[in-house]
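Data from target.txt: compact mmCIF, C-alpha atoms and all ligand atoms
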# COMPACT_ATOMS: atom_id res chain seq x y z
CA MET Q 1 -65.82 -13.13 47.56
CA THR Q 2 -68.00 -10.23 48.72
CA SER Q 3 -66.63 -6.87 49.94
CA ASP Q 4 -67.04 -7.99 53.58
CA GLY Q 5 -64.87 -11.04 52.89
CA SER Q 6 -67.66 -13.62 52.97
CA LEU Q 7 -67.78 -16.36 50.33
CA GLN Q 8 -70.55 -16.78 47.76
CA LYS Q 9 -71.48 -18.30 44.40
CA ALA Q 10 -69.69 -16.63 41.44
CA ASP Q 11 -71.68 -13.77 39.88
CA PHE Q 12 -72.20 -14.17 36.11
CA GLY Q 13 -74.82 -11.39 35.92
CA THR Q 14 -73.01 -9.44 33.20
CA ILE Q 15 -73.33 -12.23 30.62
CA TYR Q 16 -77.05 -12.87 31.12
CA ASP Q 17 -78.41 -9.96 29.07
CA GLN Q 18 -76.07 -9.24 26.18
CA PRO Q 19 -77.22 -8.57 22.59
CA ASP Q 20 -76.12 -12.11 21.67
CA PRO Q 21 -75.01 -15.30 23.50
CA ARG Q 22 -71.26 -15.23 22.70
CA ALA Q 23 -70.15 -13.92 26.11
CA TYR Q 24 -72.43 -16.49 27.80
CA PHE Q 25 -70.90 -19.49 26.07
CA LEU Q 26 -67.32 -18.19 26.00
CA THR Q 27 -67.44 -17.48 29.74
CA LEU Q 28 -69.07 -20.74 30.80
CA GLU Q 29 -67.31 -23.26 28.54
CA PRO Q 30 -64.00 -23.12 30.48
CA PHE Q 31 -65.97 -24.17 33.59
CA ASP Q 32 -67.48 -27.19 31.77
CA TYR Q 33 -71.01 -25.81 32.19
CA VAL Q 34 -73.11 -28.83 31.15
CA ILE Q 35 -76.43 -28.67 32.98
CA PRO Q 36 -78.48 -27.56 29.90
CA GLN Q 37 -77.39 -30.78 28.15
CA HIS Q 38 -78.54 -32.95 31.08
CA GLY Q 39 -81.77 -30.94 31.14
CA ALA Q 40 -82.53 -31.24 27.43
CA GLU Q 41 -81.98 -35.02 27.48
CA LEU Q 42 -84.09 -35.63 30.57
CA PHE Q 43 -86.91 -33.28 29.52
CA ALA Q 44 -87.14 -35.06 26.14
CA ARG Q 45 -87.37 -38.44 27.93
CA LEU Q 46 -90.14 -37.05 30.14
CA LEU Q 47 -92.19 -35.82 27.19
CA GLN Q 48 -91.79 -39.19 25.54
CA ALA Q 49 -92.80 -41.02 28.73
CA ARG Q 50 -95.77 -38.74 29.15
CA GLY Q 51 -96.95 -39.44 25.64
CA THR Q 52 -98.31 -35.98 24.81
CA ALA Q 53 -95.97 -35.87 21.80
CA GLN Q 54 -97.92 -38.69 20.15
CA ALA Q 55 -101.19 -36.78 20.24
CA ARG Q 56 -99.92 -33.25 19.48
CA ARG Q 57 -96.81 -31.12 19.78
CA SER Q 58 -95.83 -30.92 23.46
CA ARG Q 59 -95.50 -27.49 25.01
CA ILE Q 60 -92.78 -26.50 27.48
CA LEU Q 61 -92.32 -23.38 29.57
CA ASP Q 62 -88.59 -23.01 30.26
CA VAL Q 63 -88.02 -20.83 33.33
CA CYS Q 64 -84.72 -18.87 33.25
CA CYS Q 65 -84.49 -19.70 29.54
CA SER Q 66 -81.63 -17.26 28.87
CA TYR Q 67 -80.72 -17.19 25.13
CA GLY Q 68 -82.81 -20.32 24.53
CA VAL Q 69 -80.04 -22.75 25.47
CA VAL Q 70 -82.23 -25.71 26.46
CA ALA Q 71 -84.67 -24.88 23.64
CA THR Q 72 -81.83 -25.06 21.08
CA LEU Q 73 -80.71 -28.44 22.40
CA MET Q 74 -84.25 -29.82 22.40
CA LYS Q 75 -85.29 -28.49 19.01
CA THR Q 76 -82.13 -29.49 17.12
CA THR Q 77 -79.87 -32.51 16.83
CA LEU Q 78 -76.97 -30.34 18.09
CA ASP Q 79 -75.38 -31.10 21.45
CA LEU Q 80 -73.85 -28.57 23.82
CA ALA Q 81 -70.30 -29.31 22.57
CA ALA Q 82 -71.40 -28.32 19.05
CA VAL Q 83 -73.09 -25.17 20.39
CA TYR Q 84 -69.92 -24.17 22.27
CA ALA Q 85 -67.84 -24.76 19.10
CA HIS Q 86 -70.32 -22.69 17.08
CA TYR Q 87 -69.99 -19.67 19.37
CA ARG Q 88 -66.18 -20.00 19.45
CA ASP Q 89 -66.19 -19.82 15.63
CA ALA Q 90 -68.68 -16.93 15.64
CA THR Q 91 -66.43 -15.01 18.02
CA GLU Q 92 -63.38 -15.52 15.78
CA GLN Q 93 -65.39 -14.34 12.76
CA ALA Q 94 -66.29 -11.11 14.65
CA LEU Q 95 -69.86 -11.12 13.32
CA THR Q 96 -72.23 -8.39 14.41
CA SER Q 97 -75.11 -9.50 16.64
CA GLU Q 98 -77.51 -8.95 13.72
CA GLN Q 99 -75.39 -11.20 11.47
CA LEU Q 100 -75.20 -13.81 14.23
CA VAL Q 101 -79.01 -13.91 14.52
CA ASP Q 102 -79.19 -14.86 10.83
CA VAL Q 103 -76.45 -17.48 11.20
CA ASP Q 104 -78.12 -18.98 14.26
CA ARG Q 105 -81.54 -19.06 12.62
CA GLY Q 106 -79.96 -20.98 9.74
CA LEU Q 107 -78.19 -23.35 12.13
CA LEU Q 108 -81.43 -24.20 13.90
CA GLN Q 109 -83.20 -24.80 10.59
CA GLU Q 110 -80.39 -27.03 9.30
CA HIS Q 111 -80.49 -29.42 12.28
CA PRO Q 112 -84.15 -29.93 13.25
CA GLU Q 113 -85.01 -32.58 15.83
CA PRO Q 114 -88.15 -34.38 14.59
CA GLY Q 115 -91.09 -34.24 17.02
CA SER Q 116 -89.48 -31.61 19.23
CA PRO Q 117 -91.70 -29.51 21.51
CA THR Q 118 -92.93 -25.96 21.29
CA VAL Q 119 -90.80 -23.98 23.75
CA ILE Q 120 -91.96 -20.85 25.55
CA GLY Q 121 -89.24 -18.97 27.44
CA LEU Q 122 -89.41 -16.94 30.63
CA ASP Q 123 -86.41 -14.94 31.79
CA VAL Q 124 -85.84 -11.60 33.46
CA ALA Q 125 -83.33 -10.65 30.71
CA PRO Q 126 -85.12 -8.97 27.75
CA ARG Q 127 -82.22 -9.07 25.30
CA ALA Q 128 -81.59 -12.78 25.90
CA VAL Q 129 -85.28 -13.62 25.36
CA GLY Q 130 -85.39 -11.32 22.31
CA TYR Q 131 -82.38 -13.08 20.81
CA ALA Q 132 -83.91 -16.52 21.27
CA LEU Q 133 -87.17 -15.34 19.69
CA ALA Q 134 -85.31 -13.83 16.72
CA THR Q 135 -83.41 -17.07 15.98
CA GLY Q 136 -86.51 -19.25 16.44
CA ALA Q 137 -85.03 -21.14 19.40
CA LEU Q 138 -88.08 -19.96 21.35
CA ASP Q 139 -91.56 -20.12 19.82
CA ALA Q 140 -92.76 -17.53 22.33
CA GLY Q 141 -91.09 -15.76 25.21
CA VAL Q 142 -91.52 -13.10 27.86
CA ALA Q 143 -89.08 -11.06 29.92
CA GLU Q 144 -90.70 -10.93 33.33
CA ASN Q 145 -89.70 -11.22 36.97
CA LEU Q 146 -92.29 -13.28 38.82
CA GLU Q 147 -90.29 -12.90 42.04
CA VAL Q 148 -91.61 -9.33 42.03
CA ASN Q 149 -94.66 -9.13 39.74
CA ALA Q 150 -97.70 -11.21 38.84
CA PRO Q 151 -97.55 -12.76 35.35
CA SER Q 152 -98.66 -10.55 32.47
CA ALA Q 153 -101.81 -11.29 30.47
CA GLU Q 154 -99.52 -12.54 27.67
CA LEU Q 155 -97.79 -15.05 29.95
CA CYS Q 156 -101.11 -16.20 31.44
CA ALA Q 157 -102.42 -16.91 27.93
CA LEU Q 158 -99.22 -18.78 26.99
CA MET Q 159 -99.44 -20.90 30.16
CA SER Q 160 -102.92 -22.19 29.39
CA GLU Q 161 -101.68 -25.19 27.35
CA VAL Q 162 -98.30 -25.89 28.94
CA ASP Q 163 -97.51 -29.59 29.56
CA LEU Q 164 -94.16 -29.20 31.31
CA ILE Q 165 -92.43 -26.41 33.24
CA THR Q 166 -88.65 -26.83 33.17
CA THR Q 167 -85.61 -25.13 34.64
CA THR Q 168 -81.85 -25.62 34.55
CA GLY Q 169 -79.54 -23.27 36.43
CA GLY Q 170 -82.54 -21.24 37.58
CA VAL Q 171 -83.38 -22.24 41.16
CA GLY Q 172 -81.73 -19.77 43.51
CA TYR Q 173 -82.52 -16.93 41.10
CA VAL Q 174 -86.16 -17.99 41.18
CA THR Q 175 -87.90 -19.27 44.30
CA GLU Q 176 -91.27 -20.66 45.33
CA ARG Q 177 -92.76 -17.22 44.51
CA THR Q 178 -92.19 -17.72 40.78
CA PHE Q 179 -93.51 -21.30 40.83
CA ASP Q 180 -96.57 -20.30 42.86
CA ARG Q 181 -97.47 -17.62 40.32
CA LEU Q 182 -96.92 -19.96 37.38
CA LEU Q 183 -99.00 -22.74 38.94
CA ASP Q 184 -101.84 -20.29 39.55
CA VAL Q 185 -102.23 -19.99 35.76
CA ALA Q 186 -101.05 -23.42 34.54
CA PRO Q 187 -103.32 -26.36 33.63
CA GLU Q 188 -103.94 -28.76 36.56
CA SER Q 189 -102.22 -31.52 34.57
CA VAL Q 190 -98.87 -29.66 34.31
CA TRP Q 191 -95.60 -31.34 35.31
CA VAL Q 192 -92.65 -29.42 36.80
CA ALA Q 193 -89.12 -30.69 36.07
CA ALA Q 194 -86.32 -28.83 37.81
CA PHE Q 195 -82.60 -29.17 38.38
CA CYS Q 196 -81.54 -27.60 41.67
CA LEU Q 197 -77.95 -27.22 42.88
CA ARG Q 198 -77.26 -29.11 46.10
CA THR Q 199 -76.22 -25.77 47.63
CA TYR Q 200 -79.89 -24.69 47.55
CA ASP Q 201 -82.90 -26.10 49.38
CA TYR Q 202 -85.66 -27.15 46.95
CA GLY Q 203 -87.95 -27.82 49.94
CA PRO Q 204 -89.91 -24.52 49.84
CA ILE Q 205 -90.69 -25.10 46.14
CA ILE Q 206 -91.85 -28.69 46.88
CA GLU Q 207 -94.19 -27.31 49.57
CA THR Q 208 -95.59 -24.66 47.26
CA LEU Q 209 -96.14 -27.14 44.45
CA SER Q 210 -97.97 -29.43 46.86
CA THR Q 211 -100.49 -26.66 47.57
CA HIS Q 212 -101.27 -26.85 43.83
CA GLY Q 213 -101.83 -30.63 44.00
CA LEU Q 214 -98.41 -31.66 42.72
CA GLN Q 215 -96.31 -34.34 44.40
CA THR Q 216 -92.53 -34.22 44.02
CA GLU Q 217 -90.03 -37.03 43.56
CA ARG Q 218 -86.24 -36.86 43.17
CA LEU Q 219 -83.91 -39.01 41.11
CA PRO Q 220 -81.29 -40.72 43.30
CA GLN Q 221 -78.31 -39.67 41.15
CA THR Q 222 -76.89 -36.14 40.87
CA PHE Q 223 -75.82 -34.24 37.76
CA PRO Q 224 -72.61 -32.20 37.46
CA GLN Q 225 -73.47 -28.57 36.63
CA ARG Q 226 -70.07 -26.87 36.23
CA ARG Q 227 -66.62 -26.59 37.77
CA PHE Q 228 -66.05 -23.99 40.46
CA THR Q 229 -64.44 -20.74 39.39
CA GLY Q 230 -61.78 -21.19 42.09
CA PRO Q 231 -61.03 -22.33 45.64
CA GLU Q 232 -63.18 -19.63 47.26
CA GLU Q 233 -66.32 -20.71 45.42
CA GLU Q 234 -65.48 -24.33 46.22
CA ARG Q 235 -65.14 -23.53 49.95
CA TRP Q 236 -68.52 -21.77 49.86
CA ALA Q 237 -70.25 -24.64 48.05
CA VAL Q 238 -68.74 -27.36 50.25
CA ALA Q 239 -69.82 -25.44 53.36
CA GLU Q 240 -73.36 -24.97 51.99
CA VAL Q 241 -73.88 -28.65 51.18
CA ARG Q 242 -72.50 -29.63 54.61
CA LYS Q 243 -74.98 -27.20 56.21
CA ARG Q 244 -77.67 -29.15 54.35
CA ARG Q 245 -76.24 -32.37 55.87
CA LEU Q 246 -75.13 -33.63 52.44
CA ASP Q 247 -71.78 -35.28 51.85
CA PRO Q 248 -69.59 -33.34 49.37
CA ALA Q 249 -67.28 -36.36 48.79
CA GLY Q 250 -66.99 -37.27 45.12
CA LYS Q 251 -69.07 -34.26 44.12
CA GLU Q 252 -68.41 -30.68 45.35
CA ALA Q 253 -65.18 -31.87 47.02
CA GLU Q 254 -64.00 -32.86 43.50
CA GLY Q 255 -64.43 -29.28 42.26
CA TYR Q 256 -67.90 -29.49 40.67
CA TYR Q 257 -71.31 -28.12 41.50
CA HIS Q 258 -73.83 -30.96 41.43
CA ALA Q 259 -77.55 -30.59 40.85
CA GLU Q 260 -80.43 -32.80 41.91
CA PHE Q 261 -83.36 -33.50 39.62
CA TYR Q 262 -86.94 -33.10 40.88
CA LEU Q 263 -90.16 -33.99 39.09
CA SER Q 264 -93.55 -32.84 40.35
CA ARG Q 265 -96.77 -34.33 38.98
CA PRO Q 266 -100.43 -34.64 40.02
CA ALA Q 267 -100.45 -37.02 43.01
CA SER Q 268 -102.67 -39.61 41.24
CA GLU Q 269 -100.11 -39.93 38.42
CA VAL Q 270 -97.24 -40.40 40.89
CA GLU Q 271 -99.20 -43.18 42.59
CA GLN Q 272 -99.95 -44.86 39.25
CA GLN Q 273 -96.36 -44.68 37.96
CA PRO Q 274 -93.59 -43.58 40.34
CA LEU Q 275 -90.56 -41.74 38.93
CA ALA Q 276 -88.37 -44.87 39.07
CA GLN Q 277 -90.78 -46.57 36.64
CA LEU Q 278 -91.33 -43.48 34.52
CA LEU Q 279 -87.58 -42.96 34.02
CA PRO Q 280 -85.91 -46.34 34.47
CA GLU Q 281 -82.08 -46.14 34.53
C1 LIG T 301 -77.33 -19.69 35.14
S1 LIG T 301 -78.41 -18.94 33.97
C2 LIG T 301 -79.24 -20.40 33.40
C3 LIG T 301 -79.68 -20.26 31.98
C4 LIG T 301 -80.12 -21.54 31.27
N1 LIG T 301 -81.33 -22.10 31.85
C5 LIG T 301 -79.02 -22.56 31.24
O1 LIG T 301 -79.18 -23.65 31.81
O2 LIG T 301 -77.97 -22.30 30.65
C6 LIG T 301 -79.60 -18.14 35.03
C7 LIG T 301 -80.68 -17.36 34.27
O3 LIG T 301 -81.65 -16.93 35.23
C8 LIG T 301 -82.15 -15.67 34.81
N2 LIG T 301 -82.85 -15.04 35.94
C9 LIG T 301 -82.31 -14.45 37.04
N3 LIG T 301 -83.29 -14.01 37.86
C10 LIG T 301 -84.48 -14.33 37.27
C11 LIG T 301 -85.85 -14.15 37.63
N4 LIG T 301 -86.21 -13.54 38.77
N5 LIG T 301 -86.80 -14.60 36.79
C12 LIG T 301 -86.46 -15.21 35.62
N6 LIG T 301 -85.18 -15.42 35.21
C13 LIG T 301 -84.20 -14.98 36.04
C14 LIG T 301 -80.91 -14.95 34.30
O4 LIG T 301 -81.22 -13.84 33.50
C15 LIG T 301 -80.20 -16.10 33.56
O5 LIG T 301 -80.60 -16.13 32.22
Is it possible to give me this structure as C-alpha cells?
Ligand SMILES: C[S@@+](CC[C@H](N)C(=O)[O-])C[C@H]1O[C@@H](n2cnc3c(N)ncnc32)[C@H](O)[C@@H]1O
Amino acid sequence: MTSDGSLQKADFGTIYDQPDPRAYFLTLEPFDYVIPQHGAELFARLLQARGTAQARRSRILDVCCSYGVVATLMKTTLDLAAVYAHYRDATEQALTSEQLVDVDRGLLQEHPEPGSPTVIGLDVAPRAVGYALATGALDAGVAENLEVNAPSAELCALMSEVDLITTTGGVGYVTERTFDRLLDVAPESVWVAAFCLRTYDYGPIIETLSTHGLQTERLPQTFPQRRFTGPEEERWAVAEVRKRRLDPAGKEAEGYYHAEFYLSRPASEVEQQPLAQLLPE
C-alpha cells in the first residue's frame, strides 16, 4: 500500500540490482514466481517454429533480462525449480558474490542445452547485467533505460542481427517507448514475444509495433506469473483487471497474477501462418 493508502503492485525494486541473484530468487520463490519458465519454453518453441536455428545460431534480445534468468533457462537443461534450489544451497553455503560467479559459470557449462540461442540482455540494473555477463548466461548485455534515453551505439550494433525480442515480467516497467526505440534499430524481420500481466494494457505497445510493420496476435490461454504478496495486492490486481473488463474468476481471484502472451511479426508472415498454426496446442 502507498503512503496515501492507495493499493498498488508490490515493489521488489531492492532485489533487482544486487551483486548476485540470491536475494532475487529467495524473495520470489515463496510467491511461486514462474513466468521465466513459461517464457523460456515458449521462446524456444518460437525459435524452432521460425527455423532460424537450423541455418545459424538464433539471436535473442531479452528486455528486462535481470540476472539472465530466461537466458539461463534457455541455454541450459536446468528448469526454474533447479535454479531456485541452486540459490537456496548457495545462500546456505554463504559464498561471496565472486565465488558464486565461478560456481554459476560452472553450472551453466555443466548443463548446456544443445542448439540454444545467443542471448543479449537489456536491463536498467547494471549489477544484474554484469553478473549475467560474468557467468556467461548472457553473451552480451547493456544496462540502459530506453524509457528515458535513445539506445547506445553498442546496443544499436547488437540489435542489427536480432531475430527475436523477448520479455517476461517487464511490461509495466517498460512501455511502448522502449519498444519503439528498439524497433527503430532492429532488422525488419524481427519478431517480438512478450508476456504482459492482465493488470496492464498491452494495447499501446501493439499500436507502436504496428507502426513498424508488425502485426500482433495473442494466445487464448493465460499463464500464471506469481502469487500475490497479500490481500492488498490481490484487491489491487482484481480491481485493475475488472477495469480492463476482464473476468478475474479462476485467475486473479484465486490469488495469482496471470499474464497474456503476445507475438508480433511482419504482417505477411502472420497472414501466411497465423499464431494458432505456428504454436499449435
Ligand atoms: C520482475 S523483473 C523481471 C526479470 C526477468 N525478466 C524475469 O522474468 O525474472 C523486472 C526487471 O525489469 C527491470 N527494469 C525496470 N525498469 C526498466 C527499464 N526502464 N528498462 C529496462 N529494464 C527495466 C528491473 O531492473 C528488473 O530486472
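Taking all atoms listed in the file into account, ligand LIG 301 (chain T) lies nearest to Q:Asp123 out of the set Q:Asp104, Q:Asp62, Q:Asp123, Q:Glu217.
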**OP:** Find the residues near ligand LIG 301 (chain T). Use a cut-off of 7 Å, count all atoms listed in the file, and write them as a ChimeraX atom specification.
**Re:** /Q:16-17,35-36,63-66,69-70,122-125,144-147,167-170,173-174
Could those selected residues go to a file with C-alpha atoms, as an mmCIF file, keeping the file's coordinate frame?
data_model
loop_
_atom_site.group_PDB
_atom_site.id
_atom_site.type_symbol
_atom_site.label_atom_id
_atom_site.label_comp_id
_atom_site.auth_asym_id
_atom_site.auth_seq_id
_atom_site.Cartn_x
_atom_site.Cartn_y
_atom_site.Cartn_z
ATOM 1 C CA TYR Q 16 -77.050 -12.870 31.120
ATOM 2 C CA ASP Q 17 -78.410 -9.960 29.070
ATOM 3 C CA ILE Q 35 -76.430 -28.670 32.980
ATOM 4 C CA PRO Q 36 -78.480 -27.560 29.900
ATOM 5 C CA VAL Q 63 -88.020 -20.830 33.330
ATOM 6 C CA CYS Q 64 -84.720 -18.870 33.250
ATOM 7 C CA CYS Q 65 -84.490 -19.700 29.540
ATOM 8 C CA SER Q 66 -81.630 -17.260 28.870
ATOM 9 C CA VAL Q 69 -80.040 -22.750 25.470
ATOM 10 C CA VAL Q 70 -82.230 -25.710 26.460
ATOM 11 C CA LEU Q 122 -89.410 -16.940 30.630
ATOM 12 C CA ASP Q 123 -86.410 -14.940 31.790
ATOM 13 C CA VAL Q 124 -85.840 -11.600 33.460
ATOM 14 C CA ALA Q 125 -83.330 -10.650 30.710
ATOM 15 C CA GLU Q 144 -90.700 -10.930 33.330
ATOM 16 C CA ASN Q 145 -89.700 -11.220 36.970
ATOM 17 C CA LEU Q 146 -92.290 -13.280 38.820
ATOM 18 C CA GLU Q 147 -90.290 -12.900 42.040
ATOM 19 C CA THR Q 167 -85.610 -25.130 34.640
ATOM 20 C CA THR Q 168 -81.850 -25.620 34.550
ATOM 21 C CA GLY Q 169 -79.540 -23.270 36.430
ATOM 22 C CA GLY Q 170 -82.540 -21.240 37.580
ATOM 23 C CA TYR Q 173 -82.520 -16.930 41.100
ATOM 24 C CA VAL Q 174 -86.160 -17.990 41.180
#
Original post:
Quick one: residues within 10 Å of segment 105-112 of chain Q, all atoms listed in the file counted, chain neighbours fewer than 4 positions away excluded, as JSON, numbers by chain?
Top reply: {"Q": [72, 73, 74, 75, 76, 77, 78, 83, 86, 100, 101, 116, 132, 133, 134, 135, 136, 137]}
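One distance worth recording is that between atom CA of Gln215 of chain Q and atom CA of Ala267 of chain Q, which is 5.1 Å.
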**OP:** Go through Q:Pro19, Q:Gly115, Q:Gly51, Q:Pro231 one by one, measure the shortest atom-to-atom distance of each to Val129 of chain Q using all atoms listed in the file, and give the residue with the smallest value.
**Re:** Q:Pro19
**OP:** Work out how far apart atom CA of Glu207 of chain Q and atom CA of Phe261 of chain Q are and give it in Å to one decimal.
**Re:**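 Atom CA of Glu207 of chain Q sits 16.0 Å away from atom CA of Phe261 of chain Q.
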Original post:
atom CA of Gly121 of chain Q and atom CA of Ala140 of chain Q are how many Å apart?
Top reply: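 Atom-to-atom, atom CA of Gly121 of chain Q and atom CA of Ala140 of chain Q are spaced 6.4 Å apart.
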**OP:** Pick out the closest residue to Tyr24 of chain Q from this set: Q:His258, Q:Arg88, Q:Arg177, Q:Arg45. Count all atoms listed in the file.
**Re:**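 Of Q:His258, Q:Arg88, Q:Arg177, Q:Arg45, the one nearest Tyr24 of chain Q, counting all atoms listed in the file, is Q:Arg88.
Distance check against Gln48 of chain Q using only C-alpha atoms: of Q:Pro117, Q:Pro21, Q:Pro224, Q:Gly250, the minimum falls on Q:Pro117.
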Subject >> Counting all atoms listed in the file, the option among Q:Arg22, Q:Ile205, Q:Leu183, Q:Arg226 closest to Gln93 of chain Q >> reply: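 Among the listed residues, the smallest separation from Gln93 of chain Q belongs to Q:Arg22.
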For segment 24-38 of chain Q, supply N, CA and C atoms and format the output as a compact mmCIF listing (two decimals), in the frame of the given file.
# COMPACT_ATOMS: atom_id res chain seq x y z
N TYR Q 24 -71.88 -15.42 26.94
CA TYR Q 24 -72.43 -16.49 27.80
C TYR Q 24 -71.65 -17.79 27.60
N PHE Q 25 -71.55 -18.20 26.33
CA PHE Q 25 -70.90 -19.49 26.07
C PHE Q 25 -69.39 -19.42 26.25
N LEU Q 26 -68.79 -18.29 25.85
CA LEU Q 26 -67.32 -18.19 26.00
C LEU Q 26 -66.92 -18.15 27.47
N THR Q 27 -67.75 -17.56 28.31
CA THR Q 27 -67.44 -17.48 29.74
C THR Q 27 -67.65 -18.82 30.44
N LEU Q 28 -68.71 -19.53 30.05
CA LEU Q 28 -69.07 -20.74 30.80
C LEU Q 28 -68.37 -22.01 30.31
N GLU Q 29 -67.95 -22.04 29.05
CA GLU Q 29 -67.31 -23.26 28.54
C GLU Q 29 -66.06 -23.66 29.35
N PRO Q 30 -65.19 -22.71 29.72
CA PRO Q 30 -64.00 -23.12 30.48
C PRO Q 30 -64.34 -23.77 31.83
N PHE Q 31 -65.57 -23.55 32.32
CA PHE Q 31 -65.97 -24.17 33.59
C PHE Q 31 -66.81 -25.44 33.35
N ASP Q 32 -66.75 -25.94 32.10
CA ASP Q 32 -67.48 -27.19 31.77
C ASP Q 32 -68.95 -27.10 32.18
N TYR Q 33 -69.59 -25.98 31.85
CA TYR Q 33 -71.01 -25.81 32.19
C TYR Q 33 -71.83 -26.77 31.33
N VAL Q 34 -72.45 -27.77 31.94
CA VAL Q 34 -73.11 -28.83 31.15
C VAL Q 34 -74.57 -29.05 31.52
N ILE Q 35 -75.09 -28.31 32.48
CA ILE Q 35 -76.43 -28.67 32.98
C ILE Q 35 -77.53 -28.54 31.90
N PRO Q 36 -77.42 -27.59 30.93
CA PRO Q 36 -78.48 -27.56 29.90
C PRO Q 36 -78.53 -28.86 29.09
N GLN Q 37 -77.39 -29.51 28.89
CA GLN Q 37 -77.39 -30.78 28.15
C GLN Q 37 -78.12 -31.87 28.95
N HIS Q 38 -77.82 -31.97 30.24
CA HIS Q 38 -78.54 -32.95 31.08
C HIS Q 38 -80.04 -32.64 31.03
